[in-house]
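Containing mmCIF, C-alpha atoms: structure-v6.cif.
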data_run
#
loop_
_atom_site.label_atom_id
_atom_site.label_comp_id
_atom_site.auth_asym_id
_atom_site.auth_seq_id
_atom_site.Cartn_x
_atom_site.Cartn_y
_atom_site.Cartn_z
CA MET U 28 -12.28 -6.23 -5.50
CA VAL U 29 -14.88 -4.40 -3.38
CA LYS U 30 -13.31 -5.46 -0.07
CA PHE U 31 -9.85 -4.64 -1.36
CA THR U 32 -11.09 -1.20 -2.40
CA LEU U 33 -12.68 -0.53 0.99
CA PHE U 34 -9.58 -1.58 2.92
CA SER U 35 -7.44 0.40 0.51
CA ILE U 36 -9.57 3.45 1.17
CA SER U 37 -8.94 3.06 4.91
CA ALA U 38 -5.21 2.61 4.23
CA GLY U 39 -5.39 5.65 1.96
CA ILE U 40 -6.90 7.69 4.78
CA ILE U 41 -4.02 6.63 7.02
CA GLN U 42 -1.55 7.57 4.31
CA VAL U 43 -3.12 10.97 3.57
CA VAL U 44 -3.50 11.93 7.24
CA SER U 45 0.03 10.88 8.18
CA PHE U 46 1.45 12.55 5.04
CA THR U 47 -0.46 15.75 5.77
CA LEU U 48 0.75 15.83 9.39
CA MET U 49 4.36 15.37 8.32
CA ASN U 50 4.07 17.74 5.36
CA GLU U 51 2.17 20.56 7.08
CA LEU U 52 3.08 20.31 10.77
CA LEU U 53 6.59 18.89 10.65
CA THR U 54 7.29 20.48 7.24
CA LEU U 55 9.28 17.47 6.11
CA PRO U 56 10.37 17.34 2.48
CA TYR U 57 8.09 15.36 0.16
CA TRP U 58 10.02 12.09 0.00
CA PRO U 59 10.41 11.31 3.76
CA ALA U 60 6.79 12.26 4.43
CA TYR U 61 5.67 10.05 1.53
CA LEU U 62 7.89 7.15 2.55
CA VAL U 63 6.73 7.03 6.19
CA SER U 64 3.06 7.43 5.25
CA LEU U 65 3.40 4.69 2.60
CA ILE U 66 4.89 2.24 5.12
CA LEU U 67 2.06 2.89 7.58
CA SER U 68 -0.55 2.24 4.90
CA ILE U 69 1.22 -0.92 3.68
CA VAL U 70 1.16 -2.53 7.12
CA TRP U 71 -2.51 -1.67 7.60
CA ASN U 72 -3.55 -2.82 4.12
CA PHE U 73 -1.60 -6.09 4.21
CA THR U 74 -3.04 -7.08 7.60
CA PHE U 75 -6.67 -6.57 6.67
CA ASN U 76 -6.56 -7.73 3.05
CA ARG U 77 -4.81 -11.01 3.92
CA ARG U 78 -7.42 -11.80 6.54
CA TYR U 79 -10.67 -10.43 5.11
CA THR U 80 -10.29 -9.87 1.37
CA PHE U 81 -8.24 -12.86 0.28
CA LYS U 82 -9.05 -14.98 3.35
CA SER U 83 -5.67 -16.57 3.04
CA ALA U 84 -4.00 -19.05 5.35
CA ALA U 85 -0.80 -18.61 3.35
CA ASN U 86 2.38 -18.49 5.38
CA VAL U 87 2.45 -14.88 6.64
CA PRO U 88 6.25 -14.44 6.42
CA VAL U 89 6.20 -15.76 2.83
CA ALA U 90 3.31 -13.47 1.89
CA MET U 91 5.09 -10.54 3.54
CA ALA U 92 8.30 -11.37 1.67
CA LYS U 93 6.41 -11.34 -1.63
CA LEU U 94 4.83 -8.00 -0.74
CA PHE U 95 8.26 -6.71 0.28
CA GLY U 96 9.48 -7.69 -3.20
CA PHE U 97 6.70 -5.64 -4.77
CA TYR U 98 7.50 -2.64 -2.61
CA ALA U 99 11.25 -3.06 -3.15
CA VAL U 100 10.49 -1.98 -6.72
CA PHE U 101 7.46 0.29 -6.23
CA THR U 102 8.74 2.35 -3.29
CA PRO U 103 12.07 3.59 -4.69
CA LEU U 104 10.49 4.21 -8.08
CA SER U 105 7.47 6.11 -6.75
CA THR U 106 9.61 8.01 -4.21
CA TYR U 107 12.10 9.07 -6.87
CA LEU U 108 9.45 10.01 -9.44
CA GLY U 109 7.51 11.85 -6.74
CA HIS U 110 10.66 13.73 -5.77
CA LEU U 111 11.24 14.72 -9.41
CA ALA U 112 7.65 15.93 -9.69
CA ASP U 113 8.05 17.85 -6.42
CA VAL U 114 11.23 19.53 -7.68
CA ALA U 115 9.29 20.42 -10.85
CA GLU U 116 6.82 22.14 -8.50
CA VAL U 117 3.91 19.80 -9.05
CA ASN U 118 1.59 20.07 -6.06
CA GLU U 119 2.56 17.43 -3.48
CA TYR U 120 -1.05 16.33 -3.04
CA ILE U 121 -1.45 15.70 -6.77
CA ILE U 122 1.75 13.63 -6.65
CA LEU U 123 0.39 11.73 -3.65
CA ILE U 124 -2.96 11.01 -5.35
CA VAL U 125 -1.29 9.74 -8.53
CA THR U 126 1.08 7.46 -6.59
CA MET U 127 -1.74 6.19 -4.38
CA LEU U 128 -3.91 5.31 -7.39
CA SER U 129 -0.96 3.57 -9.07
CA ASN U 130 -0.24 1.70 -5.86
CA PHE U 131 -3.88 0.64 -5.49
CA VAL U 132 -4.12 -0.91 -8.96
CA LEU U 133 -0.66 -2.50 -8.98
CA GLU U 134 -0.90 -3.89 -5.45
CA PHE U 135 -4.29 -5.46 -6.13
CA LEU U 136 -2.98 -7.19 -9.24
CA PHE U 137 0.20 -8.32 -7.47
CA SER U 138 -1.74 -9.59 -4.44
CA LYS U 139 -4.34 -11.41 -6.52
CA PHE U 140 -2.00 -13.04 -9.03
CA VAL U 141 1.27 -13.43 -7.11
CA ILE U 142 0.95 -13.25 -3.33
CA TYR U 143 -2.34 -15.11 -2.91
CA LYS U 144 -2.38 -17.11 -6.14
CA ASN U 145 -3.95 -20.49 -5.26
CA GLN U 146 -4.17 -19.33 -1.62
CA GLU U 147 -7.49 -17.45 -1.58
CA ASN U 148 -10.28 -18.62 0.70
CA THR U 149 -8.01 -21.03 2.58
CA LEU U 150 -8.23 -19.33 5.97
CA ALA U 151 -11.59 -20.79 7.05
CA VAL U 152 -10.52 -24.29 6.04
CA LYS U 153 -7.31 -24.10 8.01
CA GLU U 154 -8.96 -22.65 11.16
CA LYS U 155 -11.53 -25.47 11.51
#

Is it possible to express this structure as structure tokens?
Amino acid sequence: MVKFTLFSISAGIIQVVSFTLMNELLTLPYWPAYLVSLILSIVWNFTFNRRYTFKSAANVPVAMAKLFGFYAVFTPLSTYLGHLADVAEVNEYIILIVTMLSNFVLEFLFSKFVIYKNQENTLAVKEK
């Protein structure tokens, strides 16, 4: 959990910085800025957590497909709910923080119990 949290913090930094650049400099509406920043953080987080947190030798395309399944539900839902909150004039950074915290908890649980179930700590064995 500690490693996942640390890598998620780094992914969160990527998400916040990219969101802020698109929101403040490019003045994009909430949902495209959120969507692009989310995708950037997903790629970063998946890469490092597979290798260092879960130490998994699981088939990468299969693990990515499972993660894609998670985000096929989470992304449209969080984008739509974030858009509704934005239209209701909730501060976009509050929306971002709430979605990031939800994503953190749900992705950890999904990774631990679905993506890497019975696949943790297999990387070192396979590399020898």

Shortest interatomic distance to Phe75 of chain U - which of U:Tyr143, U:Phe34, U:Tyr120, U:Phe131, counting all atoms listed in the file
U:Phe34

Using only C-alpha atoms, what does the table of segment 129-151 of chain U residues within 8 Å of segment 88-109 of chain U look like, with each row giving the shortest atom pair and its distance in Å to one decimal, sorted by chain and ascending number, as CSV?
residue,atom,partner,partner_atom,distance
U:Asn130,CA,U:Phe101,CA,7.8
U:Glu134,CA,U:Phe97,CA,7.8
U:Phe137,CA,U:Phe97,CA,7.5
U:Ser138,CA,U:Leu94,CA,7.7
U:Val141,CA,U:Lys93,CA,7.8
U:Ile142,CA,U:Ala90,CA,5.7
U:Tyr143,CA,U:Ala90,CA,7.6

I'd like the interatomic distance between atom CA of Ala84 of chain U and atom CA of Val29 of chain U, to a tenth of an Å.
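Atom-to-atom, atom CA of Ala84 of chain U and atom CA of Val29 of chain U are spaced 20.2 Å apart.
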
One-decimal distance in Å that lies between atom CA of Ser64 of chain U and atom CA of Ile41 of chain U
7.3 Å

Step by step: start from the point (-6.5, 5.7, 1.0) in the file's coordinates, keep every protein, DNA or RNA residue that has an atom no farther than 12 Å from it, count all atoms listed in the file, and write the set as an MDAnalysis selection string.
chainID U and resid 31:46 64:65 67:69 71:72 123:131

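Taking atom CA of Phe81 of chain U and atom CA of Ile122 of chain U as the two end points, the separation is 29.1 Å.
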
Go ahead and fit an axis-aligned box to every listed atom of segment 124-136 of chain U plus 4 Å each side, and pass me the centre and edge lengths in Å, one decimal, as JSON.
{"center_x": -1.6, "center_y": 1.9, "center_z": -6.8, "size_x": 13.4, "size_y": 26.2, "size_z": 12.9}

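For the set U:Ala60, U:Ala85, U:Leu52, U:Leu133, the residue with the smallest atom-to-atom gap to Glu119 of chain U is U:Ala60, counting only C-alpha atoms.
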
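Against this structure, the PyMOL selection byres ((chain U and resi 57) around 8) ends up with Asn50, Leu55, Pro56, Trp58, Pro59, Ala60, Tyr61, Gly109, His110, Asp113 and Glu119 of chain U.
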
Selected residue of minimal separation from Ser83 of chain U among U:Asn118, U:Thr54, U:Asn148, U:Thr47, counting only C-alpha atoms
U:Asn148
